[in-house]
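Chemist: Here you go, one structure.
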Amino acid sequence: MTLDEKYESLLSALRGMGRVAVAYSAGVDSTFLLAAAHEALGENAIALTAVTAAIPQREVQEAVDFCAALGVQHRLVEVDALAVDAFRRNAPDRCYHCKKHIFSTLWDAAKGEGCAHLAEGSNLDDDLDYRPGHRAILELGVESPLRAAELTKAEIRALSERLGLATAAKPSFACLASRVPYGEEITAEKLRRIDAAEQLLLQHGFGQFRVRSHGDLARIEVPEREQEKLFSLRHELHDALRALGFAYVTMDLQGFRSGSMNETLK
């Protein structure tokens, strides 16, 4: 199918839902899905944003601002992921237990808004990575319209640009728990420290990055083209991350790569 045909297929599927709640994180995929749902269904498309310790407050605020600008009904849904033992223990299937808890809570909120459908933003490329959370989505009957329309990340960015969405060029993001190695307990304090460290990199103008937390060591990933810039800021960033509680601060020589914590599973 052409890109236009895929988009029409998506809109048609959304219209067929009648009324839908979109699990909205302010990322590239869910922003595009929400915009398409709004085009297809108008006021019968609503947004639900899960608020957890693993999501930076800046992302929540971006979700609030976008929904206000688009004129979409929006609810913030508090979810205590740290109350889930299997999430805190951080085994390789951590994401399954977290998604199960989050989407069960979102389902309750969706039904409370009179929605018989809950949709999320997984795309076709997500099948290429280790995604245990997808099993929870399937078990709960959450729909993935972008995957069903066979849209890839690149195609979603292209369509987002056509629609004038600011997220068209937004760097990819994953929850803060993905910065902690499997087997190391996830705590609220670790998540806050990671969030604060990444906020520092954002303030210094880095676009795509991760601060991986290995106990008291911070491993910073930035694209290779930005490694020289990171090195030039090494003293300032070292002192700032030490102040946050890290004893050691390092730069990953391989550079940024999504899902690098999964490399230990291969």
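Chain lettering (A, B, ...) mirrors the order of the structure tokens, residue numbering begins at 1 for each chain separately, and ligand numbering begins at 1 in order of display.
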May I have a table of the residues of stretch 16-61 of chain A lying at most 8 Å from stretch 101-119 of chain A, giving each one's closest pair of atoms and their distance in Å to one decimal, counting only C-alpha atoms, ordered by chain and ascending residue number, as JSON lines?

Modeler:
```
{"residue": "A:Met17", "atom": "CA", "partner": "A:His117", "partner_atom": "CA", "distance": 6.6}
{"residue": "A:Arg19", "atom": "CA", "partner": "A:Cys115", "partner_atom": "CA", "distance": 5.5}
{"residue": "A:Val20", "atom": "CA", "partner": "A:His117", "partner_atom": "CA", "distance": 4.9}
{"residue": "A:Ala21", "atom": "CA", "partner": "A:Leu118", "partner_atom": "CA", "distance": 4.9}
{"residue": "A:Val22", "atom": "CA", "partner": "A:Ala119", "partner_atom": "CA", "distance": 4.9}
{"residue": "A:Ala23", "atom": "CA", "partner": "A:Ala119", "partner_atom": "CA", "distance": 6.1}
{"residue": "A:Leu48", "atom": "CA", "partner": "A:Leu106", "partner_atom": "CA", "distance": 7.0}
{"residue": "A:Ala50", "atom": "CA", "partner": "A:Ile102", "partner_atom": "CA", "distance": 7.0}
```

Chemist: Show me a table, sorted first by chain and then by increasing residue number, of the residues of stretch 23-72 of chain A having an atom at most 7 Å from stretch 189-213 of chain A, each with its shortest atom pair and the distance in Å to one decimal, counting only C-alpha atoms and written as a Markdown table.

Modeler:
```
| residue | atom | partner | partner_atom | distance |
| --- | --- | --- | --- | --- |
| A:Ala53 | CA | A:Leu191 | CA | 6.8 |
| A:Ala54 | CA | A:Leu191 | CA | 6.2 |
| A:Pro56 | CA | A:Asp195 | CA | 6.3 |
```

Chemist: Need to verify the contact set: A:Glu39, 10 Å, only C-alpha atoms, exclusion of same-chain residues closer than 5 positions in sequence. Can you return it as a list in words?

Modeler: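 Final neighbour list, sorted by chain and number: Leu11, Leu14, Arg15, Leu33, Leu34 and Ala45 of chain A.
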
Chemist: Any idea what's packed within 10 Å of A:Arg89, counting only C-alpha atoms, ignoring anything in its chain fewer than 6 positions away? Could you give it as a PyMOL selection string?

Modeler: chain A and resi 82+182-187

Chemist: Next, write the just-selected residues to a file, as a short mmCIF file (atom, residue, chain, number, x, y, z; two decimals), in the first residue's frame, keeping N, CA and C atoms as the atom set.

Modeler:
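Generated output (out33.cif):
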```cif
data_model
loop_
_atom_site.label_atom_id
_atom_site.label_comp_id
_atom_site.auth_asym_id
_atom_site.auth_seq_id
_atom_site.Cartn_x
_atom_site.Cartn_y
_atom_site.Cartn_z
N LEU A 82 5.19 1.33 40.87
CA LEU A 82 6.10 0.80 41.89
C LEU A 82 5.38 -0.08 42.91
N TYR A 182 18.52 -5.00 34.05
CA TYR A 182 17.68 -6.07 34.56
C TYR A 182 18.31 -6.70 35.80
N GLY A 183 17.46 -6.96 36.78
CA GLY A 183 17.94 -7.57 38.02
C GLY A 183 18.26 -6.57 39.11
N GLU A 184 18.43 -5.30 38.75
CA GLU A 184 18.68 -4.26 39.74
C GLU A 184 17.34 -3.62 40.11
N GLU A 185 17.03 -3.56 41.38
CA GLU A 185 15.72 -3.07 41.82
C GLU A 185 15.45 -1.64 41.35
N ILE A 186 14.22 -1.42 40.93
CA ILE A 186 13.79 -0.08 40.53
C ILE A 186 13.16 0.61 41.73
N THR A 187 13.63 1.80 42.03
CA THR A 187 13.08 2.58 43.14
C THR A 187 12.70 3.97 42.65
#
```

Chemist: Find the residues near A:Glu59: any atom within 10 Å, counting only C-alpha atoms, skip ones fewer than 3 places away on the same chain, and give them as a list in words.

Modeler: Ser25, Ala26, Gly27, Thr49, Val51, Ile55, Pro56, Glu62, Ala63, Val64, Asp65 and Phe173 of chain A

Chemist: Apply DSSP to the structure's backbone, then extract all residues of stretch 71-208 of chain A labelled strand (DSSP E or B) and return them as a list of chain:residue names.

Modeler: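 Across stretch 71-208 of chain A, those assigned strand (DSSP E or B) are A:Gln73, A:His74, A:Arg75, A:Leu76, A:Val77, A:Glu78, A:His117, A:Leu118, A:Ala119, A:Glu143.
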
Chemist: Those selected residues, please, written with N, CA and C atoms and delivered as a PDB file, in the first residue's frame.

Modeler:
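Heads up, here's the output in result19.pdb:
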```
ATOM      1  N   GLN A  73     -10.577  16.046  24.559  1.00  0.00           N
ATOM      2  CA  GLN A  73     -10.827  15.736  25.960  1.00  0.00           C
ATOM      3  C   GLN A  73      -9.669  14.899  26.485  1.00  0.00           C
ATOM      4  N   HIS A  74      -9.154  15.262  27.650  1.00  0.00           N
ATOM      5  CA  HIS A  74      -7.923  14.638  28.141  1.00  0.00           C
ATOM      6  C   HIS A  74      -8.031  14.376  29.632  1.00  0.00           C
ATOM      7  N   ARG A  75      -7.642  13.177  30.032  1.00  0.00           N
ATOM      8  CA  ARG A  75      -7.600  12.835  31.454  1.00  0.00           C
ATOM      9  C   ARG A  75      -6.221  12.339  31.831  1.00  0.00           C
ATOM     10  N   LEU A  76      -5.712  12.809  32.967  1.00  0.00           N
ATOM     11  CA  LEU A  76      -4.493  12.274  33.543  1.00  0.00           C
ATOM     12  C   LEU A  76      -4.896  11.169  34.511  1.00  0.00           C
ATOM     13  N   VAL A  77      -4.284  10.004  34.367  1.00  0.00           N
ATOM     14  CA  VAL A  77      -4.647   8.835  35.161  1.00  0.00           C
ATOM     15  C   VAL A  77      -3.447   8.417  36.002  1.00  0.00           C
ATOM     16  N   GLU A  78      -3.560   8.588  37.310  1.00  0.00           N
ATOM     17  CA  GLU A  78      -2.469   8.219  38.209  1.00  0.00           C
ATOM     18  C   GLU A  78      -2.323   6.693  38.278  1.00  0.00           C
ATOM     19  N   HIS A 117     -13.442   1.005  23.145  1.00  0.00           N
ATOM     20  CA  HIS A 117     -12.142   0.723  22.527  1.00  0.00           C
ATOM     21  C   HIS A 117     -11.055   1.537  23.225  1.00  0.00           C
ATOM     22  N   LEU A 118      -9.924   0.883  23.486  1.00  0.00           N
ATOM     23  CA  LEU A 118      -8.732   1.546  23.988  1.00  0.00           C
ATOM     24  C   LEU A 118      -7.619   1.254  22.986  1.00  0.00           C
ATOM     25  N   ALA A 119      -6.964   2.299  22.494  1.00  0.00           N
ATOM     26  CA  ALA A 119      -5.940   2.141  21.454  1.00  0.00           C
ATOM     27  C   ALA A 119      -4.595   2.665  21.944  1.00  0.00           C
ATOM     28  N   GLU A 143      -6.135  -2.177  21.416  1.00  0.00           N
ATOM     29  CA  GLU A 143      -5.920  -2.190  19.967  1.00  0.00           C
ATOM     30  C   GLU A 143      -4.692  -1.363  19.574  1.00  0.00           C
TER      31      GLU A 143
END
```

Chemist: Which residues are close to A:Ile156, i.e. within 8 Å by only C-alpha atoms, leaving aside same-chain residues fewer than 4 positions away? Reply as a VMD selection string.

Modeler: chain A and resid 28 to 29 32 151 to 152 160 168

Chemist: List the neighbours of A:Asp4 out to 12 Å using only C-alpha atoms; skip same-chain residues closer than 2 positions along the sequence, and give me the result as a PyMOL selection string.

Modeler: chain A and resi 1-2+6-11+149+151+155-156+158-159+162

Chemist: What does the file look like for those residues with C-alpha atoms, as a PDB file, in the first residue's frame?

Modeler:
```pdb
ATOM      1  CA  MET A   1       0.000   0.000   0.000  1.00  0.00           C
ATOM      2  CA  THR A   2       1.044   3.591  -0.553  1.00  0.00           C
ATOM      3  CA  LYS A   6      -2.211   3.305   4.776  1.00  0.00           C
ATOM      4  CA  TYR A   7      -3.414   6.569   6.278  1.00  0.00           C
ATOM      5  CA  GLU A   8      -6.900   6.117   4.841  1.00  0.00           C
ATOM      6  CA  SER A   9      -6.923   2.561   6.182  1.00  0.00           C
ATOM      7  CA  LEU A  10      -6.053   3.924   9.627  1.00  0.00           C
ATOM      8  CA  LEU A  11      -8.791   6.562   9.516  1.00  0.00           C
ATOM      9  CA  ALA A 149      -2.266  -0.272   9.240  1.00  0.00           C
ATOM     10  CA  LEU A 151       2.826   1.859   9.470  1.00  0.00           C
ATOM     11  CA  GLU A 155       6.129   6.566   7.783  1.00  0.00           C
ATOM     12  CA  ILE A 156       4.579   7.873  10.999  1.00  0.00           C
ATOM     13  CA  ALA A 158       6.453  11.497   7.450  1.00  0.00           C
ATOM     14  CA  LEU A 159       2.692  11.622   8.036  1.00  0.00           C
ATOM     15  CA  ARG A 162       2.279  16.399   6.729  1.00  0.00           C
TER      16      ARG A 162
END
```

Chemist: Select from stretch 88-217 of chain A everything DSSP, run on the backbone, classes as alpha helix (DSSP H), then give the selection as a PyMOL selection string.

Modeler: chain A and resi 88-89+94-112+133-139+145-148+153-162+188-203

Chemist: Between A:Gly121, A:Val249, A:Val79, A:Ser144, which one has atoms that come closest to A:Tyr24, using only C-alpha atoms?

Modeler: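 For A:Tyr24, the nearest of the given residues is A:Gly121.
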
Chemist: Of the candidates A:Phe66, A:Ala177, A:Ser232, A:Val222, which one gets nearest to A:Gly255 if we count only C-alpha atoms?

Modeler: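 Closest candidate: A:Val222.
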